[in-house]
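Colleague: Encoded as structure tokens, here's the structure I'll be asking about.
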Amino acid sequence: MDAINVEGVAKRYGPVRAIEHASLRVPAGQVVAVLGPNGAGKSTLIGMMLGLVAPDAGQVELLGQTPAEAAARGLVGAMIQQGELVPNLTVREVVGFVRGLYPESMPLDEVLELAGLTDLARRRTGRLSGGQTQRVRFAMAVAGAPRILVLDEPTAALDVEARRAFWMAIRRYAEGGRTVLFATHHLEEADENADRVVVVSRGRIVADATPAEIKRRAGGRTVRFRLGDQPAVGLEGLPQVTAVEVGGGFVTLHTADPDTVVASLYSTGLTIRDLEITTPALEDAFISLTAGGPAC
Amino acid sequence: MLNYLRLELLQVLRDRYYLFFALALPVAFYLLWSSIFSSDRLDPVTGLPSSVDIMVSMASYGALGATLMSTGVRLAAERRSGWLRQLRVTPLTPTTVIVVKTLAAMSLGLPAVVLVGLASVLWQGVRLDPLQWVAITALLWVGTLPFAALGTLIGSLAGPDAAQPITLGAYFGLAVAGGMWVPLSVLPQVVRDVAAGLPSTRFAELGRAVAAGHAPPVSAGLVLAAWTVALGVLAVVAYRRAW
């Protein structure tokens, strides 16, 4: 039985088609990223998975049950977007309360430790920064040790350091064979933390593959280095290079496979300085992934 | 369920506005009014000495306010902030949420009843039979039910910005027409006639009857029950849509 089974769901808001006929099966134990730009329909899709949004068509099953049944049995934990905390309570009280609602929850101290809240346990919820609030909401999502964890843009308010700590916590959580599905609009986040990436664009699932495959399809990565006075002759003939740009003493090679390009660069006899490999901005990646889809 | 009740109570008991509006204000008003009106003066409508009459008024006023504010304003805020959505993805059911919120709202009126009663004993030397105290407290607990329903209705329909003034309006309107701020005898007959149908008037009447040594009138119970059913049905419908 799949942990998550979304079958042909669709949702419209007036004339806007938030999701058009999306299907997705997630086996237990997988970590799945739902990747897409803002407004792609990620939150609507997740809302339908959690039973917060009623689909116009299709259905969702979580471990063989409706989202409402699954929630009532404590099978699901979620971090939804825009979830402020109630005032006048301590972190420990809020997390402890949610934990107490689940039948097989984690020990409270373990939850606080996992979310990096041990030192903030006695702090009132109204006195937390945005990032700290986010961690409390994560703690609420995992406190009940749910078998399915759903996170809608969980790192939105976090800085780089906090992000890293956050993903370490998610990986620790997923190690126990739990299913994790998270939404993000950062390609790197999907790449580094998911076993599988589902790309959503304009209400449709346009790609569903491993992170490596998605990056390959997104293509258009670049290898850039300082060329100085050396000639750029022959660079366009290197394996996997799709285009060459020269300017300002730098050369930029476009490729879907930067590893191969870099390896072959050193055999050209050129002196390579200030080498950089860049992943394209997400918007560019989406343009290449959604090319051939319906026009904007 | 008990955990949730505890959480709901803690949130409000630590709220400065609650402490001010639902506790400090009724007690302060009691001290003020009971000092102005001589305690030998019997109220022409209720037949109670002012010190007792005002005690019941202010206890009712405090309970009414606590119940309305802790349902209407908070529910609207929790809908906006996403807290209710967050609860929806936990094993907590919508029925538990509304039952607990109602119980919490009713119980949050109790501190005002107790404190105003205490103030009347200490300040004005009001003496009632222990059973009368128990009965007044119990009736002013159960009697808040229609106000909890009204608050839930407001909180389910209005956004947080609108819920605040609507709740305050209902609160003051019901308090004034219910004879909680000024003695019923001071109000014009027309207002008193209309007020007889209001839940707040009947709510205070429960306490006044017991304080005067009578059983609470059946008519008061019926009016309150009717309001509870009517507002309760509307509140449940609105809440189910808002959940």
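Identifiers in this document derive from the order of the structure tokens: chains are assigned A, B, ..., residues are numbered from 1 separately in each chain, and ligands are numbered from 1 in order of occurrence.
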Chain B residues within 12 Å of chain A, counting only C-alpha atoms: which ones, as a count of residues only?

Modeller: 42

Colleague: Need the shell around stretch 227-229 of chain A: protein/DNA/RNA residues with any atom at most 7 Å away, counting only C-alpha atoms. Skip same-chain ones fewer than 5 positions apart. Format as a PyMOL selection string?

Modeller: chain A and resi 249-251

Colleague: For A:Gly64, find every residue with an atom within 8 Å (counting only C-alpha atoms), except residues of its own chain fewer than 6 positions away, and show them as a ChimeraX atom specification.

Modeller: /A:1-3,5

Colleague: Which is closest to A:Ala165 among A:Gly131, A:Val53, A:Tyr266, A:Ala243, if we use only C-alpha atoms?

Modeller: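 Checking each candidate against A:Ala165, we get A:Gly131 as the closest.
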
Colleague: Please report the interatomic distance between atom CA of A:Asp191 and atom CA of A:Val111 in Å with one decimal.

Modeller: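 Separation between atom CA of A:Asp191 and atom CA of A:Val111: 26.0 Å.
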
Colleague: So what do you get for atom CA of A:Gly116 versus atom CA of A:Thr44, distance-wise?

Modeller: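 Taking atom CA of A:Gly116 and atom CA of A:Thr44, their separation equals 29.2 Å.
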
Colleague: Of the residues B:Gly232, B:Gly173, B:Gly47, B:Pro26, which is the one nearest to B:His214, using only C-alpha atoms?

Modeller: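 Nearest to B:His214: B:Gly47.
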
Colleague: Near A:Glu20, within 6 Å and counting only C-alpha atoms, which residues show up once chain neighbours fewer than 4 positions away are dropped, as a VMD selection string?

Modeller: chain A and resid 10 203 to 204

Colleague: Can you spit out the residues from that selection as a short mmCIF file (atom, residue, chain, number, x, y, z; two decimals), in the first residue's frame, using all heavy atoms?

Modeller:
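Wrote it out as selection_9.cif, contents follow:
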data_model
loop_
_atom_site.label_atom_id
_atom_site.label_comp_id
_atom_site.auth_asym_id
_atom_site.auth_seq_id
_atom_site.Cartn_x
_atom_site.Cartn_y
_atom_site.Cartn_z
N ALA A 10 -8.20 17.53 -9.06
CA ALA A 10 -8.26 18.82 -9.75
C ALA A 10 -8.91 19.82 -8.81
O ALA A 10 -9.73 19.44 -7.97
CB ALA A 10 -9.07 18.70 -11.03
N GLY A 203 -0.14 24.21 -12.34
CA GLY A 203 -1.20 23.27 -11.98
C GLY A 203 -1.04 21.86 -12.50
O GLY A 203 -1.94 21.04 -12.36
N ARG A 204 0.10 21.57 -13.12
CA ARG A 204 0.32 20.20 -13.62
C ARG A 204 1.62 19.64 -13.10
O ARG A 204 2.56 20.39 -12.84
CB ARG A 204 0.43 20.21 -15.16
CG ARG A 204 -0.86 20.48 -15.86
CD ARG A 204 -0.56 20.64 -17.34
NE ARG A 204 -1.78 20.87 -18.08
CZ ARG A 204 -2.57 19.89 -18.50
NH1 ARG A 204 -2.25 18.63 -18.28
NH2 ARG A 204 -3.68 20.17 -19.14
#

Colleague: Considering only C-alpha atoms, state which residue in the set B:Pro130, B:Pro44, B:Gly109, B:Gly65 is at the smallest distance from B:Ala170.

Modeller: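 Selected residue with least distance to B:Ala170: B:Gly65.
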
Colleague: Between atom CA of B:Ala230 and atom CA of B:Val142, what is the distance, to one decimal in Å?

Modeller: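 Straight-line distance from atom CA of B:Ala230 to atom CA of B:Val142 works out to 16.3 Å.
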
Colleague: Residues of stretch 26-248 of chain A classed as alpha helix (DSSP H) by DSSP on the backbone are to be reported as a PyMOL selection string.

Modeller: chain A and resi 42-49+67-72+91-101+108-114+130-142+160-174+187-193+211-218
